[in-house]
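Structure first, then comments.
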Amino acid sequence: MNFLREQLDKVKPHFQKGGKWEKFHYIFEAHETLLFVPDHTTKAKGAQIRDAIDMKRMMMTVIIAMIPCLLFGIYNVGHQHFLAIGQEASFMDMMLVGAIQVLPIVVVSYAVGLGTEFTIGTIRRHPINEGFLVTGMLIPLVMPPDIPLWQVALATLFAVIIAKEAFGGTGMNVLNVALTARAFLYFAYPSQISGDVWTYIGDANVVAGYSGATPLAIGAQALTTGENVVASLGTFGAGWADNIFSFSNMFFGFMPGSIGETSTLMCLIGAAILIITGVGSWKIIVSVFAGAYAMGLLMNGIGANEFMLLPAHYHLVIGGLAFGAVYMASDPVTAAQTERGKWIYGFLIGLLTVLIRVFNPAYPEGIMLAILLMNVFAPLIDYTVVNANKKRRLQRATV
Amino acid sequence: MSKFIKLKKGFDINLAGKAEKRLAEVDQPETFAYKPTSFHGLLRPKVTVNEGDTVKAGAPILFDKKNEKVIHVAPVSGEIVEIKRGEKRKLLEVVILADKQMEYVQHKKYSVSDIGNATREEAVEHLLSSGAWVNIVQRPFGIIADPEEAPKAIFISAFDSNPLAPDYDMLFKGEDQYFQAGIDVIKKLTPGLIHLNINSDHEVAQIFAHAKNVQLNKFSGPHPSGNVGVQIHHIDSINKGDIVWTISPFGVIQIGKLFLEGIYDSSKVVALTGSEVTNPQYYKTYTGASIKKMVAGNIKSDNVRYIAGNVLTGEKIDAEGHLGYFDNMATVIPEGDYHEMFGWILPTTNKLSFQRAFGLLSFLNPKKEFVVDTNLKGEPRAFVQTGVFERVTPMDILPTYLLKAILAEDYDDMESLGIYEVIEEDLALCEFVDVSKHDVQSIVREGLDLIQYS
């Protein structure tokens with residue numbers, strides 16, 4: 001440890017003003033501060049002590065909360081793979097297949113994202129923020145397991161530059177960065193991110209009767225076929241994956257989908273970590289679920305078609321609702337920032353998600369668009385909440 | 001109508017090194033400093049004494065060229081040994097080497113009934129010419145009050161909820177009659193009420209419990225419940241155009257003594273606290289005391305920071321430095337100028353945090369007294385986290401939006417978001433808890449300056 005410190009102190013002058021690698025100061029600083037908390041002290045006037053929390057620890061907490069989803073995602077990619085090709089496999093085999101498929105996506109996401117951040121930090125001379133530590137993990141978790149790595153790289157590049165750095169970096173972005181990456185792929189390469197892409201098949205042959213449809217696709221189909229959605233979900237997979245879309249199976253996440261988003265249970269574990277540590281807003285997480293459930297009930301009430309009649313609690317476990325609610329909607333930068341605003345923001349996300357799902361079969365997954373849309377509206381929600389505060393102050397003055 | 005106000009938001013920073021209830025004396029000779037920097041809005045102080053002059057306690061030593069009526073006087077009698085200036089000849093301190101035996105400037109003495117009969121003009125004149133006026137602080141802005149104004153109310157906070165704050169019972173014991181006389185004097189200054197705000201969570205000092213001619217309000221809850229700004233917000237909020245005054249119990253007692261005894265007496269009890277003090281205790285001394293003799297041989301380690309005031313709003317001084325005008329404590333904590341390997345991620349129960357992010361376990365042990373050093377514990381970042389400032393600000397104010405309005409120099413928003421209701425200390429906890437390590441208090445003062453001088 002002392003050795004490391006000495007080495008760092010030895011090279012440090014080169015990276016400071018006037019040093020030969022002055023340009024790379026912020027890259028050096030990012031690495032140095034990752035190893036050591038800097039020796040900066042509080043100013044002579046003002047608070048002489050500071051809370052032990054910093055941005056790095058806060059961001060790491062989010063990453064830790066994502067680990068259950070990542071691990072389950074790796075397992076599930078393997079699990080779905082062997083289901084689809086009709087082979088029995090051990091747990092370790094499933095983990096292995098999953099890891100081989102998933103880890104390169106994680107590595108590409110981090111490498112491209114951090115590379116971009118370092119480059120821009122160097123060019124624009126600003127400190128490298130910790131924000132991408134979280135984004136870099138979120139991006140792989142919302143990708144289909146079969147995604148070409150170059151698309152991951154391109155989407156990451158686009159998201160970091162256009163969604164974040166163009167607005168001034170971490171803390172200034174309007175749209176959730178990871179969702180922008182996903183939306184980019186959605187509109188730039190629609191064929192690779194919709195249809196039968198949610199299970200990794202590889203070179204193997206699929207089992208007889210296999211279909212790669214997701215519960216959301218089945219729901220959308222019901223609009224044309226007029227079959228009961230719950231019944232269709234129940235009979236789906238018969239012969240090669242019995243009961244794959246039973247409610248409990250979908251809750252636990254043993255179904256095809258984006259790498260990290262299939263398991264509602266794992267998302268709830270992540271939510272518990274975020275809420276207990278106070279890093280994620282419980283108001284947003286709870287209200288997204290509440291909004292989706294309320295809209296589901298309303299749809300049941302209208303009941304104009306079979307998808308509308310899908311029981312409301314099914315909406316909470318299919319698609320990426322839980323993942324979006326826990327990890328995406330609660331992103332403090334792009335969410336509403338006032339406490340009252342958070343309730344409205346979350347509720348509207350849930351509401352819109354189900355609305356988009358049911359009314360727009362072209363975009364079966366509503367949560368991505370709902371969150372991006374509400375990201376844009378979050379400042380407006382805050383504006384009204386802040387205005388209410390101003391009005392209270394004014395009224396008090398005139399009484 | 002007395003009010004009882006229960007506050008839930010806030011945070012008590014529980015530090016090691018509370019002062020024991022024991023009173024020591026600092027022997028003379030000793031230096032005392034009068035720091036114009038203790039006062040906001042004192043822009044152009046003009047010193048009227050020279051180095052080498054001798055002064056009596058209460059003799060004028062400087063005045064504000066912008067506000068010539070307000071006179072600042074020597075806290076002790078003795079020789080002016082130094083007039084310390086900083087950059088651009090900014091006046092920092094007037095240092096006086098105190099006499100062993102204090103000599104006071106003699107003012108007119110009042111009996112209790114004289115005080116009752118005195119007019120407002122007479123009281124104001126007496127306060128101004130004696131130098132005791134500077135105890136009266138105006139909100140908004142936290143500046144020395146303007147004698148021409150009539151405030152809608154006067155507020156006195158009768159407890160200090162800051163970390164390691166001294167016990168007011170130790171500070172003001174036996175000063176009951178002066179306190180009451182002081183109240184009777186300042187009562188003349190406002191057509192409104194005098195609010196004396198006590199802490200309902202602890203036993204209330206007799207001196208406050210028996211005070212007359214005041215409205216006694218009770219506050220309960222964690223820091224910043226003792227901040228007079230928070231109290232004003234809940235009792236009689238400041239709106240645009242309103243003026244209220246605040247005064248510390250020490251100021252009230254000094255005014256009472258001025259009228260009853262005819263002297264400007266700056267003797268006060270201060271606490272020496274902090275985890276690095278061997279014997280944290282109280283000292284009887286005067287305004288602007290040097291901490292030199294209190295800390296000599298009384299400090300555990302070498303690399304420490306001496307703070308005039310408390311750890312949230314105080315100012316770094318050196319081992320021979322002086323307390324500011326309003327300070328009634330000094331704090332000594334470890335300096336944090338070290339690198340800590342992986343300090344940002346290792347789980348720990350020894351680091352104090354309001355938050356509970358991964359590995360910050362101090363919340364499991366709320367009774368523990370923490371040793372906290374001056375390390376910044378992170379690097380400055382953009383605003384990211386939301387909702388935490390609100391949890392330590394027990395006022396209907398949105399701190400993040402207010403701070404952003406100040407940074408954007410948006411005057412309308414500053415006003416409508418409540419800048420008139422706060423000064424630095426009211427948002428000091430925001431500065432403590434901030435993940436992004438902003439200098440919240442200096443931002444607040446920047447905003448106040450923008451509004452005040454625009």
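Naming scheme: A, B, ... for chains in displayed order of the structure tokens; residues 1 onward per chain; ligands 1 onward as shown.
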
Which residues of chain A sit at most 7 Å from chain B, using only C-alpha atoms? Give each one's shortest atom pair and distance in Å (one decimal place), in chain and ascending residue order, as JSON lines.
{"residue": "A:Leu34", "atom": "CA", "partner": "B:Phe342", "partner_atom": "CA", "distance": 6.9}
{"residue": "A:Leu35", "atom": "CA", "partner": "B:Phe342", "partner_atom": "CA", "distance": 5.3}
{"residue": "A:Phe36", "atom": "CA", "partner": "B:Met341", "partner_atom": "CA", "distance": 4.2}
{"residue": "A:Val37", "atom": "CA", "partner": "B:Glu340", "partner_atom": "CA", "distance": 5.0}
{"residue": "A:Pro38", "atom": "CA", "partner": "B:His339", "partner_atom": "CA", "distance": 5.2}
{"residue": "A:Asp39", "atom": "CA", "partner": "B:Asp337", "partner_atom": "CA", "distance": 4.5}
{"residue": "A:His40", "atom": "CA", "partner": "B:Leu376", "partner_atom": "CA", "distance": 5.6}
{"residue": "A:Thr41", "atom": "CA", "partner": "B:Asn375", "partner_atom": "CA", "distance": 4.3}
{"residue": "A:Thr42", "atom": "CA", "partner": "B:Leu376", "partner_atom": "CA", "distance": 5.4}
{"residue": "A:Ala44", "atom": "CA", "partner": "B:Lys316", "partner_atom": "CA", "distance": 4.8}
{"residue": "A:Lys45", "atom": "CA", "partner": "B:Glu315", "partner_atom": "CA", "distance": 4.5}
{"residue": "A:Gly46", "atom": "CA", "partner": "B:Thr313", "partner_atom": "CA", "distance": 4.8}
{"residue": "A:Ala47", "atom": "CA", "partner": "B:Leu312", "partner_atom": "CA", "distance": 4.1}
{"residue": "A:Gln48", "atom": "CA", "partner": "B:Val311", "partner_atom": "CA", "distance": 5.0}
{"residue": "A:Ile49", "atom": "CA", "partner": "B:Thr374", "partner_atom": "CA", "distance": 4.9}
{"residue": "A:Arg50", "atom": "CA", "partner": "B:Phe432", "partner_atom": "CA", "distance": 4.7}
{"residue": "A:Asp51", "atom": "CA", "partner": "B:Ser353", "partner_atom": "CA", "distance": 5.0}
{"residue": "A:Ala52", "atom": "CA", "partner": "B:Ser353", "partner_atom": "CA", "distance": 5.3}
{"residue": "A:Ile53", "atom": "CA", "partner": "B:Val435", "partner_atom": "CA", "distance": 5.9}
{"residue": "A:Asp54", "atom": "CA", "partner": "B:Val435", "partner_atom": "CA", "distance": 4.8}
{"residue": "A:Met55", "atom": "CA", "partner": "B:Val435", "partner_atom": "CA", "distance": 5.8}
{"residue": "A:Lys56", "atom": "CA", "partner": "B:Trp344", "partner_atom": "CA", "distance": 6.5}
{"residue": "A:Arg57", "atom": "CA", "partner": "B:Trp344", "partner_atom": "CA", "distance": 5.6}
{"residue": "A:Met58", "atom": "CA", "partner": "B:Ala357", "partner_atom": "CA", "distance": 5.8}
{"residue": "A:Thr61", "atom": "CA", "partner": "B:Phe358", "partner_atom": "CA", "distance": 5.2}
{"residue": "A:Gly171", "atom": "CA", "partner": "B:Val384", "partner_atom": "CA", "distance": 5.1}
{"residue": "A:Thr277", "atom": "CA", "partner": "B:Arg356", "partner_atom": "CA", "distance": 4.6}
{"residue": "A:Gly278", "atom": "CA", "partner": "B:Arg356", "partner_atom": "CA", "distance": 6.2}
{"residue": "A:Val279", "atom": "CA", "partner": "B:Ala357", "partner_atom": "CA", "distance": 6.3}
{"residue": "A:Pro332", "atom": "CA", "partner": "B:Gln385", "partner_atom": "CA", "distance": 5.8}
{"residue": "A:Val333", "atom": "CA", "partner": "B:Val384", "partner_atom": "CA", "distance": 5.5}
{"residue": "A:Gln337", "atom": "CA", "partner": "B:Thr386", "partner_atom": "CA", "distance": 5.7}
{"residue": "A:Thr338", "atom": "CA", "partner": "B:Gly387", "partner_atom": "CA", "distance": 6.8}
{"residue": "A:Glu339", "atom": "CA", "partner": "B:Gly387", "partner_atom": "CA", "distance": 6.5}
{"residue": "A:Lys390", "atom": "CA", "partner": "B:Ser416", "partner_atom": "CA", "distance": 5.3}
{"residue": "A:Ala397", "atom": "CA", "partner": "B:Asn239", "partner_atom": "CA", "distance": 5.5}

For C-alpha atoms, I'd like the residues from the last selection saved as an mmCIF file, in the first residue's frame.
data_model
loop_
_atom_site.group_PDB
_atom_site.id
_atom_site.type_symbol
_atom_site.label_atom_id
_atom_site.label_comp_id
_atom_site.auth_asym_id
_atom_site.auth_seq_id
_atom_site.Cartn_x
_atom_site.Cartn_y
_atom_site.Cartn_z
ATOM 1 C CA LEU A 34 -10.060 5.104 -7.285
ATOM 2 C CA LEU A 35 -7.143 3.752 -5.256
ATOM 3 C CA PHE A 36 -6.959 6.422 -2.599
ATOM 4 C CA VAL A 37 -9.382 8.920 -1.187
ATOM 5 C CA PRO A 38 -7.526 12.189 -1.817
ATOM 6 C CA ASP A 39 -5.941 14.170 1.001
ATOM 7 C CA HIS A 40 -8.136 17.210 0.371
ATOM 8 C CA THR A 41 -9.365 18.911 3.488
ATOM 9 C CA THR A 42 -12.295 21.198 4.123
ATOM 10 C CA ALA A 44 -10.933 27.355 6.311
ATOM 11 C CA LYS A 45 -14.449 28.732 6.617
ATOM 12 C CA GLY A 46 -17.664 26.738 6.572
ATOM 13 C CA ALA A 47 -18.283 23.110 7.403
ATOM 14 C CA GLN A 48 -15.057 21.735 8.844
ATOM 15 C CA ILE A 49 -16.204 18.121 8.638
ATOM 16 C CA ARG A 50 -17.950 16.265 5.851
ATOM 17 C CA ASP A 51 -20.130 13.223 5.614
ATOM 18 C CA ALA A 52 -18.269 10.017 4.755
ATOM 19 C CA ILE A 53 -20.295 9.516 1.588
ATOM 20 C CA ASP A 54 -19.019 10.428 -1.847
ATOM 21 C CA MET A 55 -20.131 9.922 -5.416
ATOM 22 C CA LYS A 56 -18.035 6.793 -5.842
ATOM 23 C CA ARG A 57 -19.620 5.033 -2.910
ATOM 24 C CA MET A 58 -23.078 6.068 -3.986
ATOM 25 C CA THR A 61 -24.092 0.968 -4.127
ATOM 26 C CA GLY A 171 -25.585 15.386 -13.486
ATOM 27 C CA THR A 277 -29.229 2.362 1.610
ATOM 28 C CA GLY A 278 -31.317 5.378 0.662
ATOM 29 C CA VAL A 279 -29.597 5.641 -2.710
ATOM 30 C CA PRO A 332 -31.716 10.818 -9.609
ATOM 31 C CA VAL A 333 -30.402 12.984 -12.420
ATOM 32 C CA GLN A 337 -36.018 16.013 -8.182
ATOM 33 C CA THR A 338 -38.676 17.250 -5.815
ATOM 34 C CA GLU A 339 -40.181 14.815 -3.342
ATOM 35 C CA LYS A 390 -43.132 29.825 -4.296
ATOM 36 C CA ALA A 397 -46.718 37.391 2.689
#

Test item: residues at most 12 Å from Tyr104 of chain B, only C-alpha atoms, excluding those fewer than 3 positions along its chain, as a list of chain:residue names
B:Val55, B:Lys56, B:Ala57, B:Gly58, B:Ala59, B:Pro60, B:Val73, B:Ala74, B:Pro75, B:Val76, B:Ser77, B:Gly78, B:Asp99, B:Gln101, B:His107, B:Ser130, B:Leu258, B:Glu261, B:Gly262, B:Ile263, B:Tyr264, B:Asp265, B:Ser266, B:Ser267

Write the residues of the selection above to a file with N, CA and C atoms, as a PDB file, in the first residue's frame.
ATOM      1  N   VAL B  55      -6.140  51.171  25.660  1.00  0.00           N
ATOM      2  CA  VAL B  55      -7.587  51.430  25.640  1.00  0.00           C
ATOM      3  C   VAL B  55      -8.231  50.828  26.868  1.00  0.00           C
ATOM      4  N   LYS B  56      -9.375  51.386  27.230  1.00  0.00           N
ATOM      5  CA  LYS B  56     -10.172  50.779  28.283  1.00  0.00           C
ATOM      6  C   LYS B  56     -11.164  49.825  27.640  1.00  0.00           C
ATOM      7  N   ALA B  57     -11.676  48.890  28.419  1.00  0.00           N
ATOM      8  CA  ALA B  57     -12.720  48.008  27.908  1.00  0.00           C
ATOM      9  C   ALA B  57     -13.942  48.851  27.598  1.00  0.00           C
ATOM     10  N   GLY B  58     -14.418  48.776  26.374  1.00  0.00           N
ATOM     11  CA  GLY B  58     -15.573  49.576  25.979  1.00  0.00           C
ATOM     12  C   GLY B  58     -15.208  50.835  25.243  1.00  0.00           C
ATOM     13  N   ALA B  59     -13.890  51.073  25.045  1.00  0.00           N
ATOM     14  CA  ALA B  59     -13.470  52.254  24.294  1.00  0.00           C
ATOM     15  C   ALA B  59     -13.580  51.966  22.801  1.00  0.00           C
ATOM     16  N   PRO B  60     -14.051  52.951  22.008  1.00  0.00           N
ATOM     17  CA  PRO B  60     -14.205  52.717  20.567  1.00  0.00           C
ATOM     18  C   PRO B  60     -12.877  52.379  19.920  1.00  0.00           C
ATOM     19  N   VAL B  73     -16.247  48.473  19.922  1.00  0.00           N
ATOM     20  CA  VAL B  73     -15.406  48.864  21.053  1.00  0.00           C
ATOM     21  C   VAL B  73     -14.504  47.721  21.501  1.00  0.00           C
ATOM     22  N   ALA B  74     -13.518  48.076  22.297  1.00  0.00           N
ATOM     23  CA  ALA B  74     -12.545  47.095  22.768  1.00  0.00           C
ATOM     24  C   ALA B  74     -13.194  46.158  23.781  1.00  0.00           C
ATOM     25  N   PRO B  75     -13.003  44.851  23.624  1.00  0.00           N
ATOM     26  CA  PRO B  75     -13.599  43.916  24.573  1.00  0.00           C
ATOM     27  C   PRO B  75     -12.901  43.930  25.926  1.00  0.00           C
ATOM     28  N   VAL B  76     -11.621  44.301  25.934  1.00  0.00           N
ATOM     29  CA  VAL B  76     -10.861  44.309  27.196  1.00  0.00           C
ATOM     30  C   VAL B  76     -10.031  45.575  27.251  1.00  0.00           C
ATOM     31  N   SER B  77      -9.531  45.888  28.424  1.00  0.00           N
ATOM     32  CA  SER B  77      -8.627  47.031  28.514  1.00  0.00           C
ATOM     33  C   SER B  77      -7.198  46.534  28.347  1.00  0.00           C
ATOM     34  N   GLY B  78      -6.365  47.369  27.763  1.00  0.00           N
ATOM     35  CA  GLY B  78      -4.987  46.965  27.559  1.00  0.00           C
ATOM     36  C   GLY B  78      -4.340  47.726  26.417  1.00  0.00           C
ATOM     37  N   ASP B  99      -4.986  43.939  30.166  1.00  0.00           N
ATOM     38  CA  ASP B  99      -4.482  44.252  31.503  1.00  0.00           C
ATOM     39  C   ASP B  99      -4.868  43.139  32.458  1.00  0.00           C
ATOM     40  N   GLN B 101      -5.864  43.769  35.487  1.00  0.00           N
ATOM     41  CA  GLN B 101      -7.087  44.294  36.105  1.00  0.00           C
ATOM     42  C   GLN B 101      -7.835  45.106  35.050  1.00  0.00           C
ATOM     43  N   HIS B 107     -20.265  54.229  31.823  1.00  0.00           N
ATOM     44  CA  HIS B 107     -21.470  54.775  31.185  1.00  0.00           C
ATOM     45  C   HIS B 107     -22.484  55.076  32.268  1.00  0.00           C
ATOM     46  N   SER B 130     -22.288  52.830  23.291  1.00  0.00           N
ATOM     47  CA  SER B 130     -21.519  51.941  24.155  1.00  0.00           C
ATOM     48  C   SER B 130     -20.871  50.803  23.374  1.00  0.00           C
ATOM     49  N   LEU B 258     -24.847  46.524  30.749  1.00  0.00           N
ATOM     50  CA  LEU B 258     -24.541  47.899  30.339  1.00  0.00           C
ATOM     51  C   LEU B 258     -25.475  48.871  31.041  1.00  0.00           C
ATOM     52  N   GLU B 261     -25.114  48.168  35.263  1.00  0.00           N
ATOM     53  CA  GLU B 261     -23.808  48.417  35.877  1.00  0.00           C
ATOM     54  C   GLU B 261     -23.060  49.581  35.237  1.00  0.00           C
ATOM     55  N   GLY B 262     -23.507  50.007  34.071  1.00  0.00           N
ATOM     56  CA  GLY B 262     -22.839  51.122  33.399  1.00  0.00           C
ATOM     57  C   GLY B 262     -21.523  50.751  32.756  1.00  0.00           C
ATOM     58  N   ILE B 263     -21.295  49.472  32.489  1.00  0.00           N
ATOM     59  CA  ILE B 263     -20.058  49.090  31.817  1.00  0.00           C
ATOM     60  C   ILE B 263     -20.346  48.177  30.626  1.00  0.00           C
ATOM     61  N   TYR B 264     -19.434  48.233  29.665  1.00  0.00           N
ATOM     62  CA  TYR B 264     -19.475  47.287  28.552  1.00  0.00           C
ATOM     63  C   TYR B 264     -18.632  46.102  28.986  1.00  0.00           C
ATOM     64  N   ASP B 265     -19.283  45.042  29.366  1.00  0.00           N
ATOM     65  CA  ASP B 265     -18.571  43.890  29.915  1.00  0.00           C
ATOM     66  C   ASP B 265     -18.605  42.756  28.887  1.00  0.00           C
ATOM     67  N   SER B 266     -17.432  42.355  28.413  1.00  0.00           N
ATOM     68  CA  SER B 266     -17.406  41.292  27.409  1.00  0.00           C
ATOM     69  C   SER B 266     -17.021  39.945  28.010  1.00  0.00           C
ATOM     70  N   SER B 267     -17.023  39.855  29.353  1.00  0.00           N
ATOM     71  CA  SER B 267     -16.627  38.571  29.938  1.00  0.00           C
ATOM     72  C   SER B 267     -17.640  37.502  29.561  1.00  0.00           C
TER      73      SER B 267
END

DSSP helix (DSSP H, G or I) residues within segment 291-361 of chain B, listed as a PyMOL selection string:
chain B and resi 292-295

Prev. selection, C-alpha atoms, output as a PDB file, in the first residue's frame:
ATOM      1  CA  LYS B 292      -3.306  29.708  23.122  1.00  0.00           C
ATOM      2  CA  LYS B 293      -3.462  29.112  26.852  1.00  0.00           C
ATOM      3  CA  MET B 294      -6.471  26.821  26.703  1.00  0.00           C
ATOM      4  CA  VAL B 295      -4.886  24.428  24.226  1.00  0.00           C
TER       5      VAL B 295
END

From the options A:Val376, A:Lys20, A:Lys43, A:Ile273, which residue's atoms come nearest to His438 of chain B, counting only C-alpha atoms?
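Under the stated criterion, the closest residue is A:Lys43.
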
Sel. of strand (DSSP E or B) residues, segment 23-234 of chain B, as a VMD selection string:
chain B and resid 23 to 25 31 to 34 40 45 to 47 54 to 55 57 60 to 64 67 to 73 78 to 85 91 to 98 104 137 to 139 143 to 144 153 to 157 193 to 199 215 to 220

Could you tell me how far atom CA of Phe32 of chain B lies from atom CA of Ile299 of chain B, in Å and to one decimal?
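Between atom CA of Phe32 of chain B and atom CA of Ile299 of chain B the gap works out to 21.1 Å.
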
May I have the residues within 8 Å of Lys9 of chain B as JSON, numbers by chain, using only C-alpha atoms and disregarding those fewer than 5 positions away in the same chain?
{"B": [221, 222, 390, 391, 392, 393, 394]}

Write a file of the just-selected residues containing C-alpha atoms, as a short mmCIF file (atom, residue, chain, number, x, y, z; two decimals), in the first residue's frame.
data_model
loop_
_atom_site.label_atom_id
_atom_site.label_comp_id
_atom_site.auth_asym_id
_atom_site.auth_seq_id
_atom_site.Cartn_x
_atom_site.Cartn_y
_atom_site.Cartn_z
CA GLY B 221 -35.99 17.88 17.35
CA PRO B 222 -32.50 17.44 15.98
CA GLU B 390 -34.61 18.38 2.18
CA ARG B 391 -34.18 15.80 4.93
CA VAL B 392 -31.82 18.03 6.91
CA THR B 393 -33.64 21.29 6.30
CA PRO B 394 -36.67 21.57 8.59
#
